[in-house]
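Chemist: Contents of input.txt (compact mmCIF, C-alpha atoms and all ligand atoms) are given next:
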```txt
# COMPACT_ATOMS: atom_id res chain seq x y z
CA MET A 48 0.88 15.72 28.21
CA THR A 49 -1.62 14.50 30.81
CA ILE A 50 -0.88 11.55 33.10
CA LEU A 51 -3.36 9.43 31.13
CA GLU A 52 -1.70 10.30 27.81
CA LYS A 53 1.69 9.43 29.29
CA TYR A 54 0.37 6.12 30.53
CA ILE A 55 -1.19 5.27 27.15
CA GLU A 56 2.02 6.16 25.35
CA LYS A 57 4.03 3.95 27.71
CA TYR A 58 1.61 1.09 27.32
CA ALA A 59 1.59 1.41 23.53
CA ALA A 60 5.40 1.48 23.48
CA SER A 61 5.53 -1.68 25.57
CA ARG A 62 3.50 -3.46 22.89
CA ARG A 63 5.74 -2.38 20.03
CA GLY A 64 8.70 -4.49 19.02
CA LYS A 65 12.07 -2.87 19.43
CA PHE A 66 12.91 -3.68 15.87
CA VAL A 67 10.87 -4.64 12.88
CA SER A 68 11.60 -6.38 9.65
CA GLN A 69 14.29 -5.41 7.33
CA THR A 70 14.64 -2.87 4.64
CA THR A 71 17.43 -2.72 2.15
CA THR A 72 19.73 0.19 2.58
CA HIS A 73 22.89 -0.70 0.74
CA GLU A 74 25.09 -3.36 -0.70
CA VAL A 75 28.17 -4.78 1.01
CA ASP A 76 30.64 -6.71 -1.11
CA GLY A 77 28.03 -7.13 -3.80
CA LYS A 78 25.48 -8.55 -1.35
CA THR A 79 22.25 -6.85 -0.41
CA THR A 80 22.50 -5.68 3.18
CA TYR A 81 19.46 -5.71 5.41
CA LYS A 82 19.22 -3.59 8.46
CA HIS A 83 16.79 -4.02 11.32
CA ILE A 84 15.04 -0.74 11.90
CA PRO A 85 13.12 0.51 14.92
CA GLU A 86 9.39 0.04 14.73
CA THR A 87 7.59 3.29 13.98
CA LYS A 88 5.42 4.75 16.71
CA ILE A 89 3.24 6.31 14.04
CA PRO A 90 1.39 3.77 11.89
CA VAL A 91 2.27 3.83 8.18
CA PHE A 92 -1.20 2.55 7.33
CA PRO A 93 -4.46 3.32 9.15
CA VAL A 94 -5.31 1.45 12.33
CA LEU A 95 -8.69 0.94 13.90
CA SER A 96 -9.79 3.65 16.32
CA PHE A 97 -12.97 4.95 17.87
CA SER A 98 -12.76 8.13 15.84
CA SER A 99 -13.33 6.55 12.43
CA LEU A 100 -16.06 4.27 13.62
CA PHE A 101 -19.02 3.76 11.42
CA THR A 102 -22.12 5.68 10.74
CA PHE A 103 -24.89 4.21 8.69
CA PHE A 104 -26.45 7.52 7.71
CA GLN A 105 -23.61 9.32 6.05
CA ASN A 106 -23.49 10.68 2.56
CA LYS A 107 -20.69 8.45 1.37
CA PRO A 108 -18.03 10.03 -0.85
CA LYS A 109 -17.79 8.57 -4.34
CA ASN A 110 -15.60 5.52 -4.52
CA VAL A 111 -14.44 2.78 -6.83
CA LEU A 112 -17.12 0.34 -5.66
CA ASP A 113 -19.94 2.68 -6.73
CA HIS A 114 -19.79 1.44 -10.32
CA GLY A 115 -21.61 -1.65 -9.10
CA TYR A 116 -19.51 -3.93 -11.31
CA PRO A 117 -19.41 -7.65 -10.63
CA ASP A 118 -16.47 -8.42 -8.40
CA ILE A 119 -14.14 -11.13 -7.18
CA PRO A 120 -13.11 -10.65 -3.54
CA VAL A 121 -9.44 -11.40 -2.87
CA THR A 122 -6.98 -11.09 0.00
CA ALA A 123 -4.85 -8.49 -1.83
CA ALA A 124 -4.85 -6.59 -5.12
CA ARG A 125 -1.93 -8.69 -6.42
CA TYR A 126 -4.36 -11.63 -6.63
CA ALA A 127 -6.89 -9.43 -8.40
CA ILE A 128 -4.28 -9.05 -11.18
CA ALA A 129 -4.03 -12.84 -11.42
CA HIS A 130 -7.82 -13.12 -11.67
CA ALA A 131 -7.97 -10.45 -14.36
CA LEU A 132 -5.37 -12.31 -16.44
CA LYS A 133 -7.27 -15.57 -16.00
CA HIS A 134 -10.64 -13.99 -16.79
CA MET A 135 -9.30 -12.45 -20.02
CA ASN A 136 -7.79 -15.82 -21.01
CA MET A 137 -4.24 -14.59 -21.21
CA ALA A 138 -2.26 -17.10 -23.28
CA ALA A 139 1.37 -18.03 -22.81
CA ASP A 140 3.60 -15.30 -24.25
CA ASP A 141 0.82 -12.75 -24.42
CA GLU A 142 2.32 -9.38 -23.67
CA ILE A 143 1.09 -7.28 -20.78
CA LEU A 144 2.21 -3.66 -20.74
CA ILE A 145 3.09 -2.56 -17.23
CA PRO A 146 4.67 0.66 -15.91
CA ALA A 147 8.40 0.65 -15.25
CA TYR A 148 7.46 2.45 -12.01
CA HIS A 149 5.90 -0.50 -10.19
CA CYS A 150 6.20 -2.78 -7.21
CA THR A 151 7.22 -6.34 -7.89
CA VAL A 152 3.93 -7.90 -6.74
CA MET A 153 2.32 -6.32 -9.79
CA VAL A 154 4.63 -8.23 -12.12
CA ALA A 155 4.75 -11.56 -10.29
CA PRO A 156 1.25 -12.74 -11.36
CA ILE A 157 2.00 -12.04 -15.03
CA VAL A 158 5.21 -14.05 -14.97
CA THR A 159 3.78 -16.83 -12.79
CA MET A 160 0.94 -17.30 -15.25
CA GLY A 161 3.22 -17.43 -18.28
CA GLY A 162 2.64 -13.94 -19.66
CA LYS A 163 5.35 -11.53 -20.72
CA PRO A 164 5.63 -8.18 -18.89
CA ILE A 165 6.64 -5.34 -21.19
CA PHE A 166 7.65 -2.28 -19.22
CA TYR A 167 6.70 1.18 -20.41
CA LYS A 168 7.77 4.66 -19.34
CA ILE A 169 5.96 7.02 -17.04
CA THR A 170 6.16 10.80 -17.32
CA ALA A 171 7.62 13.08 -14.64
CA ASN A 172 4.15 13.75 -13.20
CA LEU A 173 3.42 10.00 -12.94
CA ASP A 174 1.18 9.83 -16.01
CA THR A 175 1.34 6.92 -18.43
CA ASP A 176 3.72 7.80 -21.27
CA LEU A 177 1.43 7.28 -24.25
CA VAL A 178 4.15 7.88 -26.83
CA ASP A 179 6.21 5.07 -25.34
CA ILE A 180 3.19 2.78 -25.07
CA ARG A 181 2.38 3.23 -28.76
CA LYS A 182 5.92 2.12 -29.62
CA LYS A 183 5.55 -0.99 -27.49
CA ILE A 184 2.20 -2.26 -28.70
CA THR A 185 2.56 -5.40 -30.84
CA PRO A 186 0.06 -7.96 -32.15
CA LYS A 187 0.76 -9.92 -28.97
CA THR A 188 -0.24 -7.09 -26.62
CA LYS A 189 -3.19 -8.37 -24.62
CA ALA A 190 -3.59 -5.76 -21.89
CA ILE A 191 -2.21 -2.61 -20.32
CA ILE A 192 -1.96 -2.11 -16.58
CA ALA A 193 -2.11 1.63 -15.83
CA VAL A 194 -1.87 2.98 -12.29
CA ASN A 195 -3.58 5.84 -10.50
CA TYR A 196 -0.61 6.60 -8.26
CA CYS A 197 -0.92 7.88 -4.69
CA GLY A 198 -4.67 8.46 -4.92
CA PHE A 199 -4.43 10.79 -7.93
CA ILE A 200 -6.32 9.84 -11.05
CA GLN A 201 -3.75 9.82 -13.83
CA ASN A 202 -4.30 10.31 -17.59
CA MET A 203 -6.58 7.28 -17.56
CA ALA A 204 -9.08 8.77 -20.03
CA GLU A 205 -6.32 8.98 -22.67
CA VAL A 206 -5.13 5.45 -21.89
CA ARG A 207 -8.74 4.29 -22.29
CA ALA A 208 -8.98 5.95 -25.69
CA LEU A 209 -5.77 4.27 -26.83
CA CYS A 210 -6.94 0.87 -25.60
CA THR A 211 -10.22 1.27 -27.45
CA GLU A 212 -8.40 2.32 -30.63
CA LYS A 213 -6.02 -0.64 -30.50
CA ASN A 214 -8.49 -3.14 -29.07
CA ILE A 215 -6.44 -3.78 -25.95
CA ILE A 216 -7.78 -4.58 -22.50
CA LEU A 217 -7.26 -1.94 -19.80
CA ILE A 218 -6.53 -3.00 -16.24
CA GLU A 219 -7.00 0.14 -14.15
CA ASP A 220 -4.88 -0.24 -11.05
CA CYS A 221 -6.70 1.59 -8.25
CA ALA A 222 -4.66 0.01 -5.44
CA HIS A 223 -3.67 3.57 -4.42
CA SER A 224 -6.98 5.22 -5.17
CA PHE A 225 -10.19 4.09 -3.57
CA PHE A 226 -12.07 7.40 -3.53
CA GLY A 227 -12.47 10.33 -5.84
CA GLN A 228 -13.43 11.67 -9.22
CA LYS A 229 -11.74 13.42 -12.11
CA ASN A 230 -13.71 15.29 -14.80
CA GLY A 231 -16.90 13.78 -13.41
CA VAL A 232 -15.65 10.19 -13.71
CA THR A 233 -15.40 8.23 -10.48
CA VAL A 234 -12.11 6.44 -9.93
CA GLY A 235 -12.11 3.09 -11.67
CA GLY A 236 -14.44 4.36 -14.40
CA HIS A 237 -12.13 3.67 -17.32
CA GLY A 238 -10.86 0.12 -16.89
CA ASP A 239 -12.17 -3.17 -18.21
CA TYR A 240 -10.79 -4.60 -14.99
CA ILE A 241 -10.21 -2.56 -11.85
CA LEU A 242 -7.90 -3.50 -8.98
CA VAL A 243 -8.78 -2.47 -5.45
CA SER A 244 -6.61 -2.84 -2.34
CA ALA A 245 -8.34 -2.32 1.01
CA ARG A 246 -5.47 -2.00 3.46
CA LYS A 247 -4.14 1.19 1.93
CA PHE A 248 -7.24 3.13 2.97
CA PHE A 249 -8.84 1.12 5.75
CA PRO A 250 -7.67 -0.37 9.04
CA VAL A 251 -7.64 -3.96 7.77
CA ASP A 252 -4.83 -6.42 7.37
CA GLU A 253 -5.90 -7.91 4.06
CA GLY A 254 -8.50 -7.50 1.39
CA GLY A 255 -9.16 -6.27 -2.08
CA VAL A 256 -11.34 -6.94 -5.08
CA LEU A 257 -11.17 -7.32 -8.79
CA LEU A 258 -14.00 -5.37 -10.42
CA ILE A 259 -15.05 -6.55 -13.85
CA ASN A 260 -16.63 -4.03 -16.18
CA GLY A 261 -18.69 -6.62 -18.02
CA SER A 262 -21.11 -9.42 -17.54
CA ALA A 263 -21.33 -11.34 -14.29
CA GLU A 264 -20.88 -14.63 -16.15
CA ASN A 265 -17.80 -16.78 -15.57
CA ILE A 266 -17.04 -15.21 -12.24
CA PRO A 267 -15.38 -17.82 -10.06
CA GLN A 268 -16.47 -18.47 -6.48
CA GLN A 269 -13.71 -17.72 -4.03
CA GLU A 270 -12.90 -19.91 -1.06
CA LYS A 271 -14.34 -18.42 2.13
CA GLN A 272 -12.18 -18.32 5.24
CA LYS A 273 -13.34 -19.93 8.47
CA PHE A 274 -15.15 -17.66 10.91
CA ILE A 275 -12.52 -18.32 13.57
CA TYR A 276 -9.96 -16.59 11.32
CA SER A 277 -12.19 -13.55 11.30
CA LEU A 278 -12.13 -13.44 15.08
CA LYS A 279 -8.38 -13.83 15.08
CA SER A 280 -8.08 -11.15 12.47
CA PHE A 281 -10.24 -8.78 14.52
CA LEU A 282 -8.13 -9.38 17.59
CA ALA A 283 -4.99 -8.74 15.55
CA LEU A 284 -6.45 -5.45 14.32
CA ILE A 285 -7.18 -4.37 17.90
CA GLU A 286 -3.69 -5.42 18.96
CA ARG A 287 -2.22 -3.33 16.17
CA SER A 288 -4.25 -0.34 17.33
CA LEU A 289 -3.05 -0.75 20.91
CA LYS A 290 0.54 -0.60 19.69
CA TYR A 291 -0.14 2.90 18.46
CA GLY A 292 -2.11 4.11 21.47
CA ARG A 293 -5.54 3.71 19.86
CA LEU A 294 -8.48 1.72 21.26
CA TRP A 295 -6.74 1.72 24.63
CA LEU A 296 -10.10 1.32 26.41
CA LEU A 297 -10.08 -2.22 25.03
CA ALA A 298 -6.63 -2.96 26.49
CA PRO A 299 -7.89 -4.77 29.63
CA LEU A 300 -10.05 -7.06 27.48
CA VAL A 301 -7.20 -7.91 25.15
CA GLU A 302 -4.80 -8.45 28.04
CA LEU A 303 -7.30 -10.78 29.70
CA PHE A 304 -7.80 -12.69 26.47
CA ASN A 305 -4.06 -13.04 25.93
CA PHE A 306 -3.58 -14.12 29.55
CA LEU A 307 -6.20 -16.84 29.17
CA ARG A 308 -4.74 -17.91 25.86
CA SER A 309 -1.19 -18.20 27.20
CA ALA A 310 -2.39 -19.90 30.40
CA THR A 311 -3.93 -22.66 28.31
CA LYS A 312 -0.87 -23.07 26.17
CA ASN A 313 2.46 -24.44 27.25
CA VAL A 314 4.55 -21.62 25.97
CA GLY A 315 8.27 -22.04 26.17
CA LYS A 316 9.41 -19.09 24.14
CA VAL A 317 13.05 -18.59 23.31
CA PRO A 318 13.91 -15.00 24.29
CA GLU A 319 14.49 -12.79 21.32
CA THR A 320 18.04 -11.69 20.80
CA GLU A 321 18.58 -8.13 19.79
CA PRO A 322 19.29 -8.06 16.10
CA SER A 323 21.89 -5.92 14.45
CA VAL A 324 22.82 -5.06 10.91
CA HIS A 325 23.53 -8.24 9.04
CA VAL A 326 24.02 -9.51 5.55
CA ASP A 327 21.24 -11.86 4.67
CA PRO A 328 20.12 -12.37 1.10
CA ILE A 329 16.41 -12.96 0.51
CA ASP A 330 15.71 -16.65 1.04
CA THR A 331 15.06 -18.58 -2.08
CA PRO A 332 11.43 -19.54 -1.64
CA SER A 333 11.04 -23.29 -1.43
CA ASP A 334 7.55 -23.26 -2.95
CA PRO A 335 7.65 -22.47 -6.69
CA ASP A 336 4.30 -20.68 -6.37
CA VAL A 337 5.77 -18.20 -3.92
CA VAL A 338 7.67 -15.31 -5.44
CA GLN A 339 9.80 -13.50 -2.83
CA GLU A 340 9.05 -13.34 0.88
CA GLY A 341 7.41 -10.86 3.29
CA GLU A 342 5.60 -7.73 2.12
CA ASN A 343 6.63 -8.48 -1.46
CA ALA A 344 5.43 -12.07 -1.40
CA TYR A 345 3.29 -13.33 -4.18
CA ASN A 346 1.76 -16.70 -3.37
CA HIS A 347 -0.24 -17.92 -6.31
CA ASN A 348 -1.98 -20.45 -4.05
CA LEU A 349 -3.79 -17.56 -2.34
CA ARG A 350 -5.41 -16.34 -5.55
CA ASP A 351 -8.67 -18.16 -4.96
CA LYS A 352 -9.20 -17.14 -1.32
CA GLU A 353 -11.30 -14.23 -0.19
CA ALA A 354 -10.36 -12.08 2.80
CA THR A 355 -11.76 -12.84 6.23
CA PHE A 356 -15.26 -11.57 6.95
CA ILE A 357 -14.11 -8.76 9.24
CA ASN A 358 -11.69 -7.42 6.61
CA ILE A 359 -14.49 -7.38 4.05
CA LEU A 360 -16.96 -5.79 6.43
CA LEU A 361 -14.89 -2.89 7.80
CA PRO A 362 -14.39 -0.96 4.54
CA LYS A 363 -18.16 -1.09 4.05
CA ILE A 364 -19.14 0.33 7.42
CA LEU A 365 -16.41 2.77 8.44
CA ASN A 366 -17.07 6.46 8.31
CA THR A 367 -15.75 7.30 4.87
CA THR A 368 -16.73 10.96 5.13
CA THR A 369 -14.32 11.40 8.03
CA ILE A 370 -11.67 9.26 6.34
CA THR A 371 -11.63 11.26 3.11
CA LYS A 372 -11.77 14.65 4.84
CA ARG A 373 -8.90 13.84 7.16
CA ARG A 374 -6.73 12.43 4.42
CA ARG A 375 -7.09 15.58 2.37
CA ASN A 376 -6.41 17.83 5.37
CA HIS A 377 -3.33 15.87 6.39
CA TYR A 378 -2.02 15.89 2.84
CA LEU A 379 -2.43 19.66 2.57
CA TRP A 380 -0.80 20.29 5.95
CA LEU A 381 2.15 18.03 5.20
CA SER A 382 2.57 19.46 1.68
CA ALA A 383 2.91 22.93 3.15
CA GLN A 384 5.65 21.69 5.50
CA PHE A 385 7.57 19.65 2.93
CA LYS A 386 7.50 22.52 0.46
CA LYS A 387 9.69 24.52 2.86
CA MET A 388 12.15 21.75 3.63
CA PRO A 389 15.66 21.62 2.24
CA HIS A 390 16.30 19.09 -0.59
CA CYS A 391 12.58 18.37 -0.99
CA ARG A 392 10.30 18.74 -3.97
CA LEU A 393 6.62 17.85 -3.98
CA MET A 394 5.90 15.35 -6.74
CA ILE A 395 2.33 16.61 -7.08
CA GLU A 396 1.83 20.29 -6.28
CA GLU A 397 -1.95 20.52 -6.30
CA LEU A 398 -4.63 18.51 -4.55
CA PRO A 399 -7.65 18.95 -6.83
CA GLU A 400 -11.18 18.87 -5.41
CA GLY A 401 -12.51 15.33 -5.27
CA ILE A 402 -9.13 13.64 -4.97
CA VAL A 403 -8.40 11.58 -1.87
CA PRO A 404 -4.69 10.89 -1.46
CA PHE A 405 -3.14 7.59 -0.49
CA MET A 406 0.22 9.02 0.60
CA LEU A 407 2.28 12.15 0.01
CA PRO A 408 5.06 11.49 -2.54
CA VAL A 409 8.14 13.65 -2.00
CA TYR A 410 11.29 13.79 -4.12
CA ILE A 411 14.33 14.13 -1.89
CA GLU A 412 17.56 15.05 -3.63
CA ASN A 413 20.27 12.54 -2.89
CA LEU A 414 17.98 10.50 -0.66
CA GLU A 415 20.63 7.86 -0.17
CA LYS A 416 22.53 10.27 2.03
CA TYR A 417 19.61 10.62 4.49
CA PHE A 418 17.70 7.37 4.18
CA SER A 419 19.57 5.51 6.86
CA ALA A 420 18.90 8.36 9.31
CA PHE A 421 15.19 8.24 8.37
CA GLU A 422 15.14 4.54 9.20
CA ASP A 423 16.98 4.99 12.49
CA ALA A 424 14.55 7.74 13.50
CA ALA A 425 11.63 5.36 12.75
CA ILE A 426 10.03 7.73 10.26
CA PRO A 427 6.80 6.19 8.96
CA MET A 428 7.25 5.97 5.18
CA GLN A 429 7.14 3.77 2.13
CA ARG A 430 9.52 3.59 -0.77
CA PHE A 431 7.33 2.63 -3.66
CA ALA A 432 9.37 1.02 -6.46
CA GLN A 433 12.49 0.77 -4.34
CA PHE A 434 12.79 -2.75 -5.70
CA LEU A 435 12.05 -3.19 -9.36
CA TRP A 436 11.47 -6.39 -11.28
CA PRO A 437 14.97 -7.84 -11.66
CA ASP A 438 14.62 -8.60 -15.39
CA MET A 439 13.60 -5.04 -16.26
CA ALA A 440 16.38 -3.27 -18.13
CA GLU A 441 17.68 -0.42 -15.98
CA ASN A 442 17.65 2.14 -18.78
CA ILE A 443 14.06 1.48 -19.84
CA CYS A 444 12.74 4.55 -18.01
CA PRO A 445 15.20 7.11 -16.65
CA ILE A 446 12.39 8.76 -14.65
CA THR A 447 11.66 5.49 -12.86
CA ALA A 448 15.37 4.94 -12.18
CA ASP A 449 15.48 8.38 -10.55
CA TYR A 450 12.21 8.05 -8.58
CA SER A 451 13.06 4.57 -7.42
CA LYS A 452 16.14 6.02 -5.71
CA ASN A 453 14.85 9.38 -4.54
CA VAL A 454 11.12 9.33 -3.85
CA ILE A 455 9.53 8.61 -0.49
CA LEU A 456 5.85 8.35 0.28
CA PHE A 457 4.83 9.75 3.65
CA PRO A 458 1.54 8.76 5.31
CA CYS A 459 -1.38 11.17 5.35
CA HIS A 460 -4.00 8.68 6.50
CA GLN A 461 -7.00 9.38 8.70
CA GLU A 462 -5.50 8.10 11.93
CA LEU A 463 -2.65 10.62 12.19
CA SER A 464 -3.01 13.11 15.01
CA GLN A 465 -1.67 16.66 14.84
CA GLN A 466 1.05 15.52 17.24
CA ASP A 467 2.02 12.76 14.78
CA LEU A 468 2.13 15.21 11.90
CA ASP A 469 4.24 17.70 13.87
CA TRP A 470 6.67 14.96 14.86
CA LEU A 471 6.94 13.63 11.31
CA ALA A 472 7.58 17.03 9.76
CA SER A 473 10.03 18.21 12.39
CA THR A 474 12.01 14.95 12.48
CA VAL A 475 12.38 14.83 8.70
CA HIS A 476 13.30 18.50 8.67
CA ASN A 477 15.99 18.03 11.30
CA ILE A 478 17.57 15.19 9.35
CA LEU A 479 17.54 17.06 6.06
CA ALA A 480 18.89 20.26 7.62
CA GLN A 481 22.07 18.48 8.70
CA GLU A 482 24.79 18.99 6.14
C1 LIG A 501 0.27 0.35 -7.57
C2 LIG A 501 0.04 -0.95 -6.87
N1 LIG A 501 -0.71 -1.89 -7.46
C3 LIG A 501 -0.97 -3.08 -6.86
C4 LIG A 501 -0.44 -3.37 -5.62
C5 LIG A 501 -0.77 -4.66 -4.95
O1 LIG A 501 -1.59 -4.37 -3.84
P1 LIG A 501 -1.76 -5.42 -2.64
O2 LIG A 501 -0.70 -5.07 -1.64
O3 LIG A 501 -3.13 -5.19 -2.13
O4 LIG A 501 -1.55 -6.75 -3.23
C6 LIG A 501 0.36 -2.44 -4.99
C7 LIG A 501 0.94 -2.75 -3.68
O5 LIG A 501 1.39 -1.93 -2.94
C8 LIG A 501 0.61 -1.19 -5.61
O6 LIG A 501 1.37 -0.26 -5.00
```
Take the structure in the file and write it out as structure tokens.
Ligand SMILES: Cc1ncc(COP(=O)(O)O)c(C=O)c1O
Modeler:
Amino acid sequence: MTILEKYIEKYAASRRGKFVSQTTTHEVDGKTTYKHIPETKIPVFPVLSFSSLFTFFQNKPKNVLDHGYPDIPVTAARYAIAHALKHMNMAADDEILIPAYHCTVMVAPIVTMGGKPIFYKITANLDTDLVDIRKKITPKTKAIIAVNYCGFIQNMAEVRALCTEKNIILIEDCAHSFFGQKNGVTVGGHGDYILVSARKFFPVDEGGVLLINGSAENIPQQEKQKFIYSLKSFLALIERSLKYGRLWLLAPLVELFNFLRSATKNVGKVPETEPSVHVDPIDTPSDPDVVQEGENAYNHNLRDKEATFINILLPKILNTTTITKRRRNHYLWLSAQFKKMPHCRLMIEELPEGIVPFMLPVYIENLEKYFSAFEDAAIPMQRFAQFLWPDMAENICPITADYSKNVILFPCHQELSQQDLDWLASTVHNILAQE
């Protein structure tokens, strides 16, 4: 490591918190126990850097926006679901079929708006279980939400055919899949409504759209955010990059800005105390429109807001050729490593041409045994479906019950360096090799 690299690493570390928010690891005396975990030094989602900066003359890879459908810009895909339900005139007690393998923010809009979520099974390879869906369709079924998990385009063509046969609306959830094609159809090409989430593929902190495969009539105007929020958002994006040793050339500017800001404010901050493991149930939200807190928050009041200008702009101008290439390369490299690791099984063996992964899903036998060590080592990861909608019967989908406990998604985004990848693979390997 050169002196400059050492300095950047030290500076980046000084900007990272010692601990970040909580993640559930276990229950103590029947109460959910939250543990503060060290902040990762590798970003779980992409951050802004000079290397993925824009080019205006690239041959852009196919993506979900290419269909040219009318759209409603939102701050996150969860609000795109709410708009889809509103646009289709979902009535109280209409049934919406939704995969048992989900995150709770996908269910919250349905329930908040008076619909009834009906959970259906997924298959072992993350496809929609069409046999189960057929059993669950009733005269009240209004729509099906089907997901393209992890960037892979699932059996969406078959789901489309079923929806057409039964006259049911298809909401194609492309939150995990912005780019790519399968059998010549670009991602998002099957749904009546298509959900897009920007922060899973781009270095933004909010943003998404609802695409509507239909006429541009009855499309509501979203509330624009003030320009000052865009500036703040941009600064926050740069700050996040600095934490991870990117955009360090901009560090003096940001430091100067922060110095001026704090000099003009009378800051009397209470020093942070070092947190430790504690028992702390999720607060009951005081606002009835807010379902849960933090990452899993669903605030119905945000439905009609669009993202800040900068968060809308970045996905349009960043170098998507580089982004897609790197994601595929990182996925392939990590797959080769995880294949050799003890207790690991790749959920998806192949990476077909044209597919651009969101994250690498890995099944880890008896994950519970190692998960705490993963957290303590600050492994960048996500546990999709760790928390399921509380009213969903546990035995509805045995595959979901299993995956919810034993599957981890590891990042393969464009901003990982080879050093990051080496560290990730070797740290996970060392933990899993301990008996
Ligand atoms: C499959 C899926 N759909 C929808 C969403 C909601 O996306 P957003 O976080 O942009 O609201 C998520 C969130 O992670 C998701 O994983």
Chemist: Looking at A:Asp76, A:Gln481, A:Leu209, A:Asn202, which one is nearest to Thr170 in chain A, with distances taken over all atoms listed in the file?
Modeler: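 Among the listed residues, A:Asn202 lies closest to Thr170 in chain A.
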Chemist: Residues around (-3.4, -4.7, 0.9), cut-off 10 Å, counting all atoms listed in the file - what are they as a ChimeraX atom specification?
Modeler: /A:92,121-125,222-223,243-249,251-255,342
Chemist: Would you work out the distance separating CA of Pro408 in chain A from CA of Leu100 in chain A, expressed in Å to one decimal?
Modeler: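 Computing the Euclidean distance for CA of Pro408 in chain A and CA of Leu100 in chain A yields 27.6 Å.
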Chemist: Excluding Thr368 in chain A and residues on its chain fewer than 2 positions from it, collect all residues at most 7 Å away from it, counting only C-alpha atoms, and give them as a count of residues only.
Modeler: 6
Chemist: Scan for residues within 9 Å of the point (1.8, 11.8, -12.2) in the coordinates of the file, using all atoms listed in the file, and reply as a list in words.
Modeler: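 Those within range, by chain then number, are Ile169, Thr170, Ala171, Asn172, Leu173, Asp174, Thr175, Asn195, Tyr196, Cys197, Phe199, Ile200, Gln201, Asn202, Met394 and Ile395 of chain A.
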Chemist: Pick out the closest residue to ligand LIG 501 (chain A) from this set: A:Phe274, A:Val256, A:His377, A:Leu468. Count all atoms listed in the file.
Modeler: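 Of A:Phe274, A:Val256, A:His377, A:Leu468, the one nearest ligand LIG 501 (chain A) is A:Val256, counting all atoms listed in the file.
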Chemist: For each of A:Glu353, A:Glu212, A:Asp113, A:Glu56, take the minimum atom-to-atom distance to Lys88 in chain A, counting all atoms listed in the file, then give the residue where this is smallest.
Modeler: A:Glu56
Chemist: State, in Å with one decimal place, the distance from CA of Phe418 in chain A to CA of Ile446 in chain A.
Modeler: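 CA of Ile446 in chain A lies 19.6 Å from CA of Phe418 in chain A.
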Chemist: Find, counting only C-alpha atoms and all ligand atoms, the residue in A:His149, A:Lys57, A:Lys363, A:His134 that gets nearest to ligand LIG 501 (chain A).
Modeler: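 Of A:His149, A:Lys57, A:Lys363, A:His134, the one nearest ligand LIG 501 (chain A), counting only C-alpha atoms and all ligand atoms, is A:His149.
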Chemist: At a cut-off of 10 Å, using only C-alpha atoms, what residues contact Tyr276 in chain A? Leave out same-chain residues fewer than 3 positions from it and give the result as a VMD selection string.
Modeler: chain A and resid 272 to 273 279 to 282 354 to 357
Chemist: Compare A:Ile359, A:Ile143, A:Leu289, A:Ala298 by their minimum atom-to-atom distance to Ala60 in chain A, counting all atoms listed in the file, and give me the closest one.
Modeler: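 Closest candidate: A:Leu289.
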Chemist: Just the residues within 12 Å of Asn136 in chain A, please, counting only C-alpha atoms, with nothing from its chain fewer than 6 positions along; format it as a ChimeraX atom specification.
Modeler: /A:129-130,160-162,189-190,216,265
Chemist: Keeping only C-alpha atoms, take the residues you just selected and write them out as a PDB file, in the coordinates of the input.
Modeler:
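Listing of out.pdb after writing:
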```
ATOM      1  CA  ALA A 129      -4.030 -12.840 -11.420  1.00  0.00           C
ATOM      2  CA  HIS A 130      -7.820 -13.120 -11.670  1.00  0.00           C
ATOM      3  CA  MET A 160       0.940 -17.300 -15.250  1.00  0.00           C
ATOM      4  CA  GLY A 161       3.220 -17.430 -18.280  1.00  0.00           C
ATOM      5  CA  GLY A 162       2.640 -13.940 -19.660  1.00  0.00           C
ATOM      6  CA  LYS A 189      -3.190  -8.370 -24.620  1.00  0.00           C
ATOM      7  CA  ALA A 190      -3.590  -5.760 -21.890  1.00  0.00           C
ATOM      8  CA  ILE A 216      -7.780  -4.580 -22.500  1.00  0.00           C
ATOM      9  CA  ASN A 265     -17.800 -16.780 -15.570  1.00  0.00           C
TER      10      ASN A 265
END
```
Chemist: For ligand LIG 501 (chain A), take all atoms listed in the file, fit an axis-aligned box around them, add 6 Å to each of the six sides, then output centre and edge lengths in Å rounded to one decimal, as AutoDock Vina command-line options.
Modeler:
```
--center_x -0.9 --center_y -3.2 --center_z -4.6 --size_x 16.5 --size_y 19.1 --size_z 17.9
```
Chemist: Write out as a PyMOL selection string the residues lying within 10 Å of Gln268 in chain A, counting all atoms listed in the file and excluding same-chain residues fewer than 5 positions away.
Modeler: chain A and resi 119-120+351-353
Chemist: Residues at most 12 Å from Phe166 in chain A, counting all atoms listed in the file, excluding those fewer than 5 positions away in the same chain, as a ChimeraX atom specification?
Modeler: /A:142-149,153-154,175-176,179-180,182-184,188,191-193,435-444,447
Chemist: Rounded to one decimal, what separation in Å do you get between CA of Tyr450 in chain A and CA of Phe405 in chain A?
Modeler: 17.4 Å
